file query_6.pdb (PDB, C-alpha atoms)
ATOM      1  CA  MET A   1       0.000   0.000   0.000
ATOM      2  CA  GLY A   2       1.371   3.422  -0.897
ATOM      3  CA  ASN A   3       3.383   2.019  -3.849
ATOM      4  CA  ARG A   4       2.722   1.447  -7.548
ATOM      5  CA  GLU A   5       4.726   0.044 -10.427
ATOM      6  CA  TRP A   6       6.888   2.575 -12.298
ATOM      7  CA  GLY A   7       9.066   1.064 -15.033
ATOM      8  CA  ASN A   8      10.848  -1.885 -13.440
ATOM      9  CA  GLU A   9      10.647  -0.383  -9.970
ATOM     10  CA  THR A  10       7.955   0.245  -7.410
ATOM     11  CA  ALA A  11       7.059   3.928  -7.281
ATOM     12  CA  VAL A  12       6.302   5.443  -3.895
ATOM     13  CA  THR A  13       2.921   7.177  -3.676
ATOM     14  CA  GLN A  14       2.969   8.007   0.034
ATOM     15  CA  PHE A  15       5.501   9.264   2.531
ATOM     16  CA  ILE A  16       5.630   8.520   6.248
ATOM     17  CA  PHE A  17       6.632  11.244   8.709
ATOM     18  CA  LEU A  18       8.903   9.970  11.459
ATOM     19  CA  GLY A  19       8.452  13.293  13.272
ATOM     20  CA  PHE A  20       9.274  12.898  16.936
ATOM     21  CA  GLY A  21       8.354   9.212  16.932
ATOM     22  CA  ASN A  22      11.694   8.294  18.500
ATOM     23  CA  ILE A  23      10.244   9.459  21.839
ATOM     24  CA  PRO A  24       6.887   7.576  21.944
ATOM     25  CA  GLN A  25       6.446   8.135  25.674
ATOM     26  CA  LEU A  26       6.018  11.872  25.006
ATOM     27  CA  GLN A  27       3.525  11.640  22.115
ATOM     28  CA  ILE A  28       0.470  12.740  24.147
ATOM     29  CA  LEU A  29       2.442  15.559  25.768
ATOM     30  CA  LEU A  30       3.754  16.724  22.377
ATOM     31  CA  PHE A  31       0.245  16.618  20.894
ATOM     32  CA  LEU A  32      -1.114  18.813  23.691
ATOM     33  CA  LEU A  33       1.886  21.135  23.471
ATOM     34  CA  PHE A  34       1.567  21.661  19.708
ATOM     35  CA  LEU A  35      -2.219  22.054  20.010
ATOM     36  CA  ILE A  36      -1.765  24.831  22.584
ATOM     37  CA  ILE A  37       0.927  26.449  20.417
ATOM     38  CA  TYR A  38      -1.382  26.424  17.384
ATOM     39  CA  ILE A  39      -4.308  27.925  19.303
ATOM     40  CA  VAL A  40      -2.076  30.634  20.822
ATOM     41  CA  THR A  41      -0.540  31.343  17.394
ATOM     42  CA  LEU A  42      -3.925  31.833  15.757
ATOM     43  CA  ALA A  43      -5.323  33.900  18.634
ATOM     44  CA  GLY A  44      -2.250  36.148  18.958
ATOM     45  CA  ASN A  45      -1.819  36.866  15.258
ATOM     46  CA  ILE A  46      -5.530  37.354  14.594
ATOM     47  CA  LEU A  47      -5.582  39.810  17.496
ATOM     48  CA  ILE A  48      -2.688  41.771  15.953
ATOM     49  CA  VAL A  49      -4.515  41.945  12.601
ATOM     50  CA  VAL A  50      -7.731  43.103  14.293
ATOM     51  CA  LEU A  51      -5.883  45.790  16.271
ATOM     52  CA  VAL A  52      -4.053  47.086  13.194
ATOM     53  CA  VAL A  53      -7.296  47.274  11.210
ATOM     54  CA  ALA A  54      -9.510  48.644  13.991
ATOM     55  CA  ASP A  55      -7.266  51.272  15.628
ATOM     56  CA  GLN A  56      -6.519  54.357  13.530
ATOM     57  CA  HIS A  57      -3.413  55.091  15.605
ATOM     58  CA  LEU A  58      -1.913  51.917  14.113
ATOM     59  CA  HIS A  59      -2.576  52.953  10.507
ATOM     60  CA  THR A  60       1.123  53.594   9.867
ATOM     61  CA  PRO A  61       3.688  51.774   7.683
ATOM     62  CA  MET A  62       5.254  49.957  10.647
ATOM     63  CA  TYR A  63       1.939  48.415  11.733
ATOM     64  CA  PHE A  64       0.795  47.821   8.158
ATOM     65  CA  PHE A  65       3.818  45.544   7.691
ATOM     66  CA  LEU A  66       3.221  44.001  11.118
ATOM     67  CA  GLY A  67      -0.328  43.149  10.031
ATOM     68  CA  ASN A  68       1.057  41.506   6.891
ATOM     69  CA  LEU A  69       3.516  39.532   9.006
ATOM     70  CA  SER A  70       0.728  38.332  11.311
ATOM     71  CA  CYS A  71      -1.375  37.203   8.324
ATOM     72  CA  LEU A  72       1.642  35.328   7.028
ATOM     73  CA  GLU A  73       2.298  33.664  10.409
ATOM     74  CA  ILE A  74      -1.311  32.439  10.548
ATOM     75  CA  CYS A  75      -0.904  30.832   7.105
ATOM     76  CA  TYR A  76       2.570  29.490   7.906
ATOM     77  CA  ALA A  77       1.500  27.769  11.121
ATOM     78  CA  SER A  78      -1.664  26.424   9.450
ATOM     79  CA  THR A  79       0.438  24.777   6.744
ATOM     80  CA  ILE A  80       2.349  22.629   9.228
ATOM     81  CA  LEU A  81       0.648  22.265  12.615
ATOM     82  CA  PRO A  82      -2.810  20.915  11.632
ATOM     83  CA  ARG A  83      -1.123  18.112   9.698
ATOM     84  CA  MET A  84       0.999  17.241  12.742
ATOM     85  CA  LEU A  85      -2.056  17.224  14.996
ATOM     86  CA  ALA A  86      -4.494  15.387  12.715
ATOM     87  CA  GLY A  87      -2.493  12.261  11.932
ATOM     88  CA  PRO A  88      -1.993   9.650  10.663
ATOM     89  CA  LEU A  89       1.629  10.447   9.915
ATOM     90  CA  THR A  90       1.331   9.624   6.221
ATOM     91  CA  ILE A  91       0.956  11.967   3.278
ATOM     92  CA  SER A  92       0.679  11.478  -0.470
ATOM     93  CA  VAL A  93       3.590  12.539  -2.667
ATOM     94  CA  SER A  94       1.510  15.310  -4.247
ATOM     95  CA  GLY A  95       0.274  16.413  -0.822
ATOM     96  CA  CYS A  96       3.846  16.492   0.462
ATOM     97  CA  ILE A  97       5.028  18.646  -2.449
ATOM     98  CA  ALA A  98       2.030  20.952  -1.907
ATOM     99  CA  GLN A  99       2.946  21.325   1.766
ATOM    100  CA  PHE A 100       6.560  21.992   0.787
ATOM    101  CA  TYR A 101       5.405  24.719  -1.623
ATOM    102  CA  PHE A 102       3.257  26.590   0.881
ATOM    103  CA  ALA A 103       5.682  26.222   3.803
ATOM    104  CA  SER A 104       8.596  27.417   1.651
ATOM    105  CA  PHE A 105       6.490  30.178   0.097
ATOM    106  CA  PHE A 106       5.607  31.596   3.514
ATOM    107  CA  ALA A 107       9.200  31.244   4.778
ATOM    108  CA  ALA A 108      10.580  33.048   1.709
ATOM    109  CA  THR A 109       7.935  35.766   2.009
ATOM    110  CA  GLU A 110       8.832  36.217   5.679
ATOM    111  CA  CYS A 111      12.457  36.854   4.671
ATOM    112  CA  TYR A 112      11.273  39.701   2.438
ATOM    113  CA  LEU A 113       8.780  41.108   4.940
ATOM    114  CA  LEU A 114      11.416  41.184   7.686
ATOM    115  CA  ALA A 115      13.760  42.996   5.287
ATOM    116  CA  VAL A 116      11.018  45.493   4.403
ATOM    117  CA  MET A 117      10.329  46.100   8.096
ATOM    118  CA  SER A 118      14.053  46.644   8.670
ATOM    119  CA  TYR A 119      14.114  49.175   5.834
ATOM    120  CA  ASP A 120      11.088  50.902   7.324
ATOM    121  CA  ARG A 121      12.863  51.252  10.684
ATOM    122  CA  TYR A 122      15.994  52.482   8.867
ATOM    123  CA  LEU A 123      14.048  55.280   7.184
ATOM    124  CA  ALA A 124      12.223  56.177  10.410
ATOM    125  CA  ILE A 125      15.419  56.438  12.459
ATOM    126  CA  CYS A 126      18.067  57.501   9.947
ATOM    127  CA  LYS A 127      15.914  59.629   7.597
ATOM    128  CA  PRO A 128      13.153  60.964   9.886
ATOM    129  CA  LEU A 129      12.564  64.178   7.920
ATOM    130  CA  HIS A 130      11.971  62.254   4.687
ATOM    131  CA  TYR A 131      10.173  59.259   6.233
ATOM    132  CA  ALA A 132       6.585  60.369   5.570
ATOM    133  CA  THR A 133       7.397  61.240   1.959
ATOM    134  CA  LEU A 134       9.399  58.115   1.169
ATOM    135  CA  MET A 135       7.238  55.580   3.010
ATOM    136  CA  ASN A 136       3.883  56.651   1.583
ATOM    137  CA  GLY A 137       0.826  54.417   1.284
ATOM    138  CA  ARG A 138       1.453  53.406  -2.315
ATOM    139  CA  PHE A 139       5.092  52.502  -1.658
ATOM    140  CA  CYS A 140       4.071  50.447   1.410
ATOM    141  CA  CYS A 141       1.595  48.452  -0.684
ATOM    142  CA  GLN A 142       4.234  47.884  -3.368
ATOM    143  CA  LEU A 143       6.761  46.631  -0.804
ATOM    144  CA  ALA A 144       4.240  44.286   0.809
ATOM    145  CA  ALA A 145       2.977  42.958  -2.531
ATOM    146  CA  GLY A 146       6.541  42.542  -3.779
ATOM    147  CA  SER A 147       7.370  40.437  -0.705
ATOM    148  CA  TRP A 148       4.489  38.042  -1.344
ATOM    149  CA  ILE A 149       5.101  37.861  -5.117
ATOM    150  CA  ASN A 150       8.855  37.230  -4.781
ATOM    151  CA  GLY A 151       8.246  34.462  -2.255
ATOM    152  CA  CYS A 152       5.678  32.890  -4.591
ATOM    153  CA  LEU A 153       7.867  33.018  -7.718
ATOM    154  CA  ALA A 154      10.997  31.620  -6.086
ATOM    155  CA  ILE A 155       9.271  28.542  -4.701
ATOM    156  CA  ALA A 156       7.055  27.983  -7.772
ATOM    157  CA  ILE A 157      10.137  27.300  -9.897
ATOM    158  CA  ILE A 158      11.493  24.762  -7.409
ATOM    159  CA  THR A 159       8.088  23.100  -7.035
ATOM    160  CA  CYS A 160       7.710  22.662 -10.812
ATOM    161  CA  LEU A 161      11.046  20.816 -10.881
ATOM    162  CA  MET A 162      10.111  18.778  -7.825
ATOM    163  CA  LEU A 163       6.951  17.573  -9.543
ATOM    164  CA  GLN A 164       9.166  15.927 -12.190
ATOM    165  CA  LEU A 165      10.963  13.772  -9.618
ATOM    166  CA  HIS A 166      10.227  10.065  -9.144
ATOM    167  CA  PHE A 167      10.305   8.248  -5.824
ATOM    168  CA  CYS A 168      10.865   4.509  -5.715
ATOM    169  CA  GLY A 169      12.990   3.862  -2.636
ATOM    170  CA  PRO A 170      12.499   4.505   1.070
ATOM    171  CA  ASN A 171       9.419   6.563   1.877
ATOM    172  CA  GLU A 172      10.246   7.737   5.406
ATOM    173  CA  ILE A 173      10.725  11.464   6.009
ATOM    174  CA  ASP A 174      12.796  12.045   9.138
ATOM    175  CA  HIS A 175      11.050  15.308   9.911
ATOM    176  CA  PHE A 176       7.660  16.692  10.983
ATOM    177  CA  PHE A 177       6.920  18.408   7.655
ATOM    178  CA  CYS A 178       7.901  18.105   3.982
ATOM    179  CA  GLU A 179      11.236  19.873   3.868
ATOM    180  CA  SER A 180      13.162  20.132   0.584
ATOM    181  CA  THR A 181      16.309  18.197   1.499
ATOM    182  CA  GLN A 182      14.225  15.383   2.978
ATOM    183  CA  ILE A 183      12.157  15.065  -0.221
ATOM    184  CA  ILE A 184      15.194  15.169  -2.500
ATOM    185  CA  ASN A 185      16.986  12.521  -0.412
ATOM    186  CA  LEU A 186      14.129  10.099  -1.165
ATOM    187  CA  CYS A 187      14.261  10.672  -4.930
ATOM    188  CA  CYS A 188      15.512   7.818  -7.137
ATOM    189  CA  THR A 189      16.296   9.982 -10.183
ATOM    190  CA  ASP A 190      19.123  12.439 -10.788
ATOM    191  CA  THR A 191      18.738  15.466  -8.522
ATOM    192  CA  TYR A 192      21.688  17.550  -9.753
ATOM    193  CA  LEU A 193      19.510  20.036 -11.651
ATOM    194  CA  ILE A 194      17.025  20.690  -8.858
ATOM    195  CA  GLU A 195      19.782  20.991  -6.252
ATOM    196  CA  LEU A 196      21.610  23.479  -8.482
ATOM    197  CA  VAL A 197      18.418  25.488  -9.066
ATOM    198  CA  ILE A 198      17.627  25.496  -5.335
ATOM    199  CA  THR A 199      21.117  26.766  -4.534
ATOM    200  CA  ILE A 200      20.912  29.538  -7.149
ATOM    201  CA  LEU A 201      17.408  30.610  -6.129
ATOM    202  CA  VAL A 202      18.266  30.577  -2.434
ATOM    203  CA  VAL A 203      21.190  32.910  -3.154
ATOM    204  CA  LEU A 204      19.155  35.176  -5.458
ATOM    205  CA  PHE A 205      15.976  35.357  -3.391
ATOM    206  CA  THR A 206      17.154  35.149   0.233
ATOM    207  CA  LEU A 207      20.597  36.748   0.261
ATOM    208  CA  PRO A 208      19.384  40.227  -0.893
ATOM    209  CA  PRO A 209      16.696  40.560   1.841
ATOM    210  CA  PHE A 210      19.138  39.247   4.444
ATOM    211  CA  ALA A 211      21.805  41.720   3.266
ATOM    212  CA  LEU A 212      19.252  44.564   3.333
ATOM    213  CA  THR A 213      18.279  43.606   6.880
ATOM    214  CA  VAL A 214      21.899  43.545   8.051
ATOM    215  CA  VAL A 215      22.795  46.844   6.340
ATOM    216  CA  SER A 216      19.654  48.508   7.720
ATOM    217  CA  TYR A 217      20.508  47.535  11.277
ATOM    218  CA  VAL A 218      24.163  48.541  10.905
ATOM    219  CA  CYS A 219      22.959  52.010   9.862
ATOM    220  CA  ILE A 220      20.333  52.083  12.608
ATOM    221  CA  ILE A 221      22.808  51.149  15.352
ATOM    222  CA  SER A 222      25.339  53.646  14.016
ATOM    223  CA  THR A 223      22.709  56.404  14.121
ATOM    224  CA  ILE A 224      21.569  55.434  17.620
ATOM    225  CA  LEU A 225      25.142  55.599  18.928
ATOM    226  CA  THR A 226      25.408  59.211  17.760
ATOM    227  CA  ILE A 227      22.485  60.280  19.970
ATOM    228  CA  PRO A 228      24.029  62.134  22.920
ATOM    229  CA  SER A 229      21.550  61.248  25.697
ATOM    230  CA  THR A 230      21.106  57.765  27.139
ATOM    231  CA  THR A 231      17.327  58.268  27.304
ATOM    232  CA  GLY A 232      17.237  59.230  23.631
ATOM    233  CA  ARG A 233      19.238  56.164  22.637
ATOM    234  CA  GLN A 234      16.986  53.860  24.662
ATOM    235  CA  LYS A 235      13.798  55.419  23.284
ATOM    236  CA  THR A 236      15.012  55.172  19.691
ATOM    237  CA  PHE A 237      16.278  51.629  20.061
ATOM    238  CA  SER A 238      12.963  50.547  21.626
ATOM    239  CA  THR A 239      11.200  51.266  18.304
ATOM    240  CA  CYS A 240      13.171  48.512  16.536
ATOM    241  CA  SER A 241      14.269  46.158  19.332
ATOM    242  CA  SER A 242      11.216  43.882  18.923
ATOM    243  CA  HIS A 243      11.874  43.473  15.216
ATOM    244  CA  LEU A 244      15.578  42.819  15.853
ATOM    245  CA  ILE A 245      14.685  39.960  18.226
ATOM    246  CA  VAL A 246      12.396  38.372  15.623
ATOM    247  CA  VAL A 247      14.997  38.742  12.861
ATOM    248  CA  THR A 248      17.731  37.207  15.030
ATOM    249  CA  VAL A 249      15.665  34.150  15.994
ATOM    250  CA  PHE A 250      14.294  33.573  12.474
ATOM    251  CA  TYR A 251      17.551  33.942  10.550
ATOM    252  CA  GLY A 252      19.641  32.357  13.283
ATOM    253  CA  THR A 253      17.722  29.080  13.246
ATOM    254  CA  LEU A 254      17.479  29.090   9.426
ATOM    255  CA  MET A 255      21.260  29.372   9.159
ATOM    256  CA  ILE A 256      21.829  26.592  11.681
ATOM    257  CA  VAL A 257      19.505  24.261   9.756
ATOM    258  CA  TYR A 258      20.595  25.027   6.190
ATOM    259  CA  LEU A 259      24.067  26.579   6.173
ATOM    260  CA  LEU A 260      26.143  24.903   8.862
ATOM    261  CA  PRO A 261      27.980  21.628   8.060
ATOM    262  CA  LYS A 262      25.780  18.566   8.467
ATOM    263  CA  THR A 263      27.557  16.954  11.404
ATOM    264  CA  ASN A 264      25.885  14.074  13.226
ATOM    265  CA  THR A 265      25.078  16.300  16.190
ATOM    266  CA  LEU A 266      23.507  19.058  14.069
ATOM    267  CA  ARG A 267      21.635  16.510  11.950
ATOM    268  CA  ASP A 268      19.975  15.170  15.099
ATOM    269  CA  LEU A 269      19.141  18.704  16.259
ATOM    270  CA  ASN A 270      17.777  19.925  12.903
ATOM    271  CA  LYS A 271      14.191  19.065  13.820
ATOM    272  CA  VAL A 272      14.525  20.947  17.092
ATOM    273  CA  PHE A 273      15.913  24.060  15.375
ATOM    274  CA  SER A 274      13.235  23.767  12.665
ATOM    275  CA  VAL A 275      10.594  23.998  15.397
ATOM    276  CA  PHE A 276      11.881  27.505  16.182
ATOM    277  CA  TYR A 277      11.391  29.077  12.751
ATOM    278  CA  THR A 278       8.309  27.089  11.684
ATOM    279  CA  ILE A 279       6.319  26.834  14.934
ATOM    280  CA  LEU A 280       7.682  28.954  17.792
ATOM    281  CA  THR A 281       8.419  32.137  15.803
ATOM    282  CA  PRO A 282       4.802  32.487  14.540
ATOM    283  CA  MET A 283       3.576  31.993  18.117
ATOM    284  CA  THR A 284       5.980  34.391  19.843
ATOM    285  CA  ASN A 285       5.893  37.250  17.299
ATOM    286  CA  PRO A 286       2.619  38.750  18.604
ATOM    287  CA  PHE A 287       3.970  38.729  22.175
ATOM    288  CA  ILE A 288       7.314  40.223  21.180
ATOM    289  CA  TYR A 289       5.684  43.026  19.196
ATOM    290  CA  SER A 290       2.835  43.727  21.616
ATOM    291  CA  LEU A 291       4.444  43.439  25.052
ATOM    292  CA  ARG A 292       7.278  45.745  24.012
ATOM    293  CA  ASN A 293       5.064  48.243  22.175
ATOM    294  CA  LYS A 294       3.024  50.890  24.011
ATOM    295  CA  LYS A 295       0.807  51.712  21.021
ATOM    296  CA  VAL A 296      -0.211  48.081  20.530
ATOM    297  CA  MET A 297      -0.899  47.663  24.258
ATOM    298  CA  GLU A 298      -2.956  50.870  24.266
ATOM    299  CA  ALA A 299      -4.965  49.668  21.251
ATOM    300  CA  LEU A 300      -5.519  46.336  23.017
ATOM    301  CA  ARG A 301      -6.714  48.139  26.159
ATOM    302  CA  LYS A 302      -9.215  50.142  24.103
ATOM    303  CA  ILE A 303     -10.566  47.010  22.421
ATOM    304  CA  VAL A 304     -10.923  45.232  25.770
ATOM    305  CA  CYS A 305     -12.748  48.222  27.269
ATOM    306  CA  LYS A 306     -15.127  48.429  24.294
ATOM    307  CA  CYS A 307     -15.856  44.709  24.521
ATOM    308  CA  ALA A 308     -16.436  44.979  28.273
ATOM    309  CA  ASP A 309     -18.846  47.881  27.764
ATOM    310  CA  PHE A 310     -20.682  45.963  25.047
ATOM    311  CA  ILE A 311     -21.258  42.793  27.074
ATOM    312  CA  ARG A 312     -21.946  44.548  30.391
ATOM    313  CA  ILE A 313     -25.501  43.909  31.507
ATOM    314  CA  PRO A 314     -27.394  47.150  32.289
ATOM    315  CA  ASN A 315     -28.554  47.589  35.854
TER
END

call {"tool": "encode", "arguments": {"input": "query_6.pdb", "output": "structure tokens"}}
result
Amino acid sequence: MGNREWGNETAVTQFIFLGFGNIPQLQILLFLLFLIIYIVTLAGNILIVVLVVADQHLHTPMYFFLGNLSCLEICYASTILPRMLAGPLTISVSGCIAQFYFASFFAATECYLLAVMSYDRYLAICKPLHYATLMNGRFCCQLAAGSWINGCLAIAIITCLMLQLHFCGPNEIDHFFCESTQIINLCCTDTYLIELVITILVVLFTLPPFALTVVSYVCIISTILTIPSTTGRQKTFSTCSSHLIVVTVFYGTLMIVYLLPKTNTLRDLNKVFSVFYTILTPMTNPFIYSLRNKKVMEALRKIVCKCADFIRIPN
């Protein structure tokens, strides 16, 4: 079951996720943990979107991009977590490639959105007099749309090549979602072309946003250090510290998973590090941005007060 004849070999039609099956005694605990994470992720990010839409004080470029990021995190988490929770741990080849496409699409788009948010903070801190002119509504929409379109195009090319692959060997994916290297490792045809294309596209589509993020923060930190007063430096840095935390966690775990040498120790820890950028980052982003942001907390307080007034029973 799960195989069919292809040429002289048996073609695989289903994959089996090994996930965290090597620790069966923790399966119920992991299920409950990931269920709570998914619920918190949806609730937190939906709340951010509602606040950004409902509160006029948050109708600024910074919160417009934050709303886009929250929408993306909802989609990203929903691509991976429901499949982990639903079981069984099998998936068709086409379903696996579809999951790979959407998960990679949202990850690539997040790279661009984080870069755009870094650029926004750069303009706000380093070019404050020109900020309103440069970061106008039309330009914000173009940057957001460009982030989504670039993420879509990059992964669409890889997915088209992946659909041409044939699988006729082992069908076990040692991961909790359909990740590119895991899929390619199970292929029984030549993978040189797709691996070359992946390498080129990763460089072309992820290096520029990463470089823009780094350059933006170098300029931001340099500008902050020129502020004479300690209070001024702290106040200015507080406007971008939340985003810097998110960028560090997201890119840090991505680099550990994909760029560092595949030693035995790192190979065993890859699933753990993957949890950070695929599951924990979408959950923690709303808390990082809201708990460290007075405007978001004030908008939340207003919403809570309005809801309390609405449901209060008249005497």

call {"tool": "closest_residue", "arguments": {"input": "query_6.pdb", "among": "A:Phe205, A:Tyr101, A:Tyr122, A:Phe139", "to": "A:Met162", "atoms": "all atoms listed in the file"}}
result
A:Tyr101

call {"tool": "resolve_selection", "arguments": {"input": "query_6.pdb", "expression": "the PyMOL selection byres ((chain A and resi 274-287) around 8)", "output": "number ranges by chain"}}
result
A: 37-38, 40-42, 44-45, 48, 70, 73-74, 76-77, 80-81, 246, 249-250, 253-254, 257, 270-273, 288-292

call {"tool": "write_last_selection", "arguments": {"input": "query_6.pdb", "atoms": "C-alpha atoms", "output": "compact mmCIF listing (two decimals), in the frame of the given file"}}
result
# COMPACT_ATOMS: atom_id res chain seq x y z
CA ILE A 37 0.93 26.45 20.42
CA TYR A 38 -1.38 26.42 17.38
CA VAL A 40 -2.08 30.63 20.82
CA THR A 41 -0.54 31.34 17.39
CA LEU A 42 -3.92 31.83 15.76
CA GLY A 44 -2.25 36.15 18.96
CA ASN A 45 -1.82 36.87 15.26
CA ILE A 48 -2.69 41.77 15.95
CA SER A 70 0.73 38.33 11.31
CA GLU A 73 2.30 33.66 10.41
CA ILE A 74 -1.31 32.44 10.55
CA TYR A 76 2.57 29.49 7.91
CA ALA A 77 1.50 27.77 11.12
CA ILE A 80 2.35 22.63 9.23
CA LEU A 81 0.65 22.26 12.62
CA VAL A 246 12.40 38.37 15.62
CA VAL A 249 15.66 34.15 15.99
CA PHE A 250 14.29 33.57 12.47
CA THR A 253 17.72 29.08 13.25
CA LEU A 254 17.48 29.09 9.43
CA VAL A 257 19.50 24.26 9.76
CA ASN A 270 17.78 19.92 12.90
CA LYS A 271 14.19 19.07 13.82
CA VAL A 272 14.52 20.95 17.09
CA PHE A 273 15.91 24.06 15.38
CA ILE A 288 7.31 40.22 21.18
CA TYR A 289 5.68 43.03 19.20
CA SER A 290 2.84 43.73 21.62
CA LEU A 291 4.44 43.44 25.05
CA ARG A 292 7.28 45.74 24.01

call {"tool": "axis_aligned_box", "arguments": {"input": "query_6.pdb", "around": "stretch 109-116 of chain A", "padding_each_side": "4 Å", "output": "JSON"}}
result
{"center_x": 10.8, "center_y": 40.6, "center_z": 4.8, "size_x": 13.8, "size_y": 17.7, "size_z": 13.7}

call {"tool": "atom_distance", "arguments": {"input": "query_6.pdb", "atom1": "atom CA of A:His166", "atom2": "atom CA of A:Leu269"}}
result
28.3 Å

call {"tool": "resolve_selection", "arguments": {"input": "query_6.pdb", "expression": "the PyMOL selection byres ((chain A and resi 222) around 12)", "output": "ChimeraX atom specification"}}
result
/A:122,125-126,215-221,223-227,233,236-237

call {"tool": "residues_near_point", "arguments": {"input": "query_6.pdb", "point": "(-2.0, 51.6, 13.8)", "cutoff": "12 Å", "atoms": "all atoms listed in the file", "output": "PyMOL selection string"}}
result
chain A and resi 48-67+293-300

call {"tool": "residues_around", "arguments": {"input": "query_6.pdb", "residues": "A:Ala144", "least_positions_apart": "6", "cutoff": "8 Å", "atoms": "only C-alpha atoms", "output": "ChimeraX atom specification"}}
result
/A:65,68,113,116

call {"tool": "atom_distance", "arguments": {"input": "query_6.pdb", "atom1": "atom CA of A:Gln25", "atom2": "atom CA of A:Gly95"}}
result
28.4 Å

call {"tool": "resolve_selection", "arguments": {"input": "query_6.pdb", "expression": "the PyMOL selection byres ((chain A and resi 91) around 12)", "output": "PyMOL selection string"}}
result
chain A and resi 2+12-18+83-84+86-90+92-100+171-173+176-178

call {"tool": "atom_distance", "arguments": {"input": "query_6.pdb", "atom1": "atom CA of A:Met255", "atom2": "atom CA of A:Gly169"}}
result
29.3 Å

call {"tool": "closest_residue", "arguments": {"input": "query_6.pdb", "among": "A:Leu32, A:Leu69, A:Ala156, A:Ala43", "to": "A:Cys111", "atoms": "all atoms listed in the file"}}
result
A:Leu69

call {"tool": "closest_residue", "arguments": {"input": "query_6.pdb", "among": "A:Asn136, A:Tyr258, A:Phe31, A:Thr199", "to": "A:Gln182", "atoms": "all atoms listed in the file"}}
result
A:Tyr258

call {"tool": "residues_around", "arguments": {"input": "query_6.pdb", "residues": "A:Thr191", "least_positions_apart": "4", "cutoff": "10 Å", "atoms": "all atoms listed in the file", "output": "PDB file with C-alpha atoms, in the frame of the given file"}}
result
ATOM      1  CA  LEU A 161      11.046  20.816 -10.881  1.00  0.00           C
ATOM      2  CA  MET A 162      10.111  18.778  -7.825  1.00  0.00           C
ATOM      3  CA  LEU A 165      10.963  13.772  -9.618  1.00  0.00           C
ATOM      4  CA  ILE A 184      15.194  15.169  -2.500  1.00  0.00           C
ATOM      5  CA  ASN A 185      16.986  12.521  -0.412  1.00  0.00           C
ATOM      6  CA  CYS A 187      14.261  10.672  -4.930  1.00  0.00           C
ATOM      7  CA  GLU A 195      19.782  20.991  -6.252  1.00  0.00           C
ATOM      8  CA  LEU A 196      21.610  23.479  -8.482  1.00  0.00           C
TER       9      LEU A 196
END

call {"tool": "closest_residue", "arguments": {"input": "query_6.pdb", "among": "A:Ile155, A:Val197, A:Leu163, A:Cys75", "to": "A:Ala108", "atoms": "all atoms listed in the file"}}
result
A:Ile155

call {"tool": "closest_residue", "arguments": {"input": "query_6.pdb", "among": "A:Asp120, A:Asp309, A:Glu179, A:Asp190", "to": "A:Gln164", "atoms": "only C-alpha atoms"}}
result
A:Asp190

call {"tool": "build_atoms", "arguments": {"input": "query_6.pdb", "residues": "stretch 79-90 of chain A", "atoms": "N, CA and C atoms", "output": "PDB file, keeping the file's coordinate frame"}}
result
ATOM      1  N   THR A  79      -0.087  25.693   7.748  1.00  0.00           N
ATOM      2  CA  THR A  79       0.438  24.777   6.744  1.00  0.00           C
ATOM      3  C   THR A  79       1.059  23.543   7.384  1.00  0.00           C
ATOM      4  N   ILE A  80       1.576  23.700   8.602  1.00  0.00           N
ATOM      5  CA  ILE A  80       2.349  22.629   9.228  1.00  0.00           C
ATOM      6  C   ILE A  80       1.636  21.988  10.415  1.00  0.00           C
ATOM      7  N   LEU A  81       1.150  22.810  11.350  1.00  0.00           N
ATOM      8  CA  LEU A  81       0.648  22.265  12.615  1.00  0.00           C
ATOM      9  C   LEU A  81      -0.607  21.394  12.490  1.00  0.00           C
ATOM     10  N   PRO A  82      -1.629  21.792  11.716  1.00  0.00           N
ATOM     11  CA  PRO A  82      -2.810  20.915  11.632  1.00  0.00           C
ATOM     12  C   PRO A  82      -2.479  19.512  11.141  1.00  0.00           C
ATOM     13  N   ARG A  83      -1.521  19.418  10.208  1.00  0.00           N
ATOM     14  CA  ARG A  83      -1.123  18.112   9.698  1.00  0.00           C
ATOM     15  C   ARG A  83      -0.459  17.289  10.799  1.00  0.00           C
ATOM     16  N   MET A  84       0.350  17.940  11.632  1.00  0.00           N
ATOM     17  CA  MET A  84       0.999  17.241  12.742  1.00  0.00           C
ATOM     18  C   MET A  84      -0.033  16.739  13.746  1.00  0.00           C
ATOM     19  N   LEU A  85      -1.066  17.548  13.974  1.00  0.00           N
ATOM     20  CA  LEU A  85      -2.056  17.224  14.996  1.00  0.00           C
ATOM     21  C   LEU A  85      -3.071  16.188  14.522  1.00  0.00           C
ATOM     22  N   ALA A  86      -3.413  16.235  13.227  1.00  0.00           N
ATOM     23  CA  ALA A  86      -4.494  15.387  12.715  1.00  0.00           C
ATOM     24  C   ALA A  86      -4.102  13.919  12.650  1.00  0.00           C
ATOM     25  N   GLY A  87      -2.872  13.637  12.146  1.00  0.00           N
ATOM     26  CA  GLY A  87      -2.493  12.261  11.932  1.00  0.00           C
ATOM     27  C   GLY A  87      -3.462  11.610  10.940  1.00  0.00           C
ATOM     28  N   PRO A  88      -3.213  10.418  10.433  1.00  0.00           N
ATOM     29  CA  PRO A  88      -1.993   9.650  10.663  1.00  0.00           C
ATOM     30  C   PRO A  88      -0.776  10.303  10.009  1.00  0.00           C
ATOM     31  N   LEU A  89       0.397   9.819  10.374  1.00  0.00           N
ATOM     32  CA  LEU A  89       1.629  10.447   9.915  1.00  0.00           C
ATOM     33  C   LEU A  89       2.026   9.992   8.519  1.00  0.00           C
ATOM     34  N   THR A  90       1.056   9.934   7.627  1.00  0.00           N
ATOM     35  CA  THR A  90       1.331   9.624   6.221  1.00  0.00           C
ATOM     36  C   THR A  90       0.778  10.748   5.354  1.00  0.00           C
TER      37      THR A  90
END
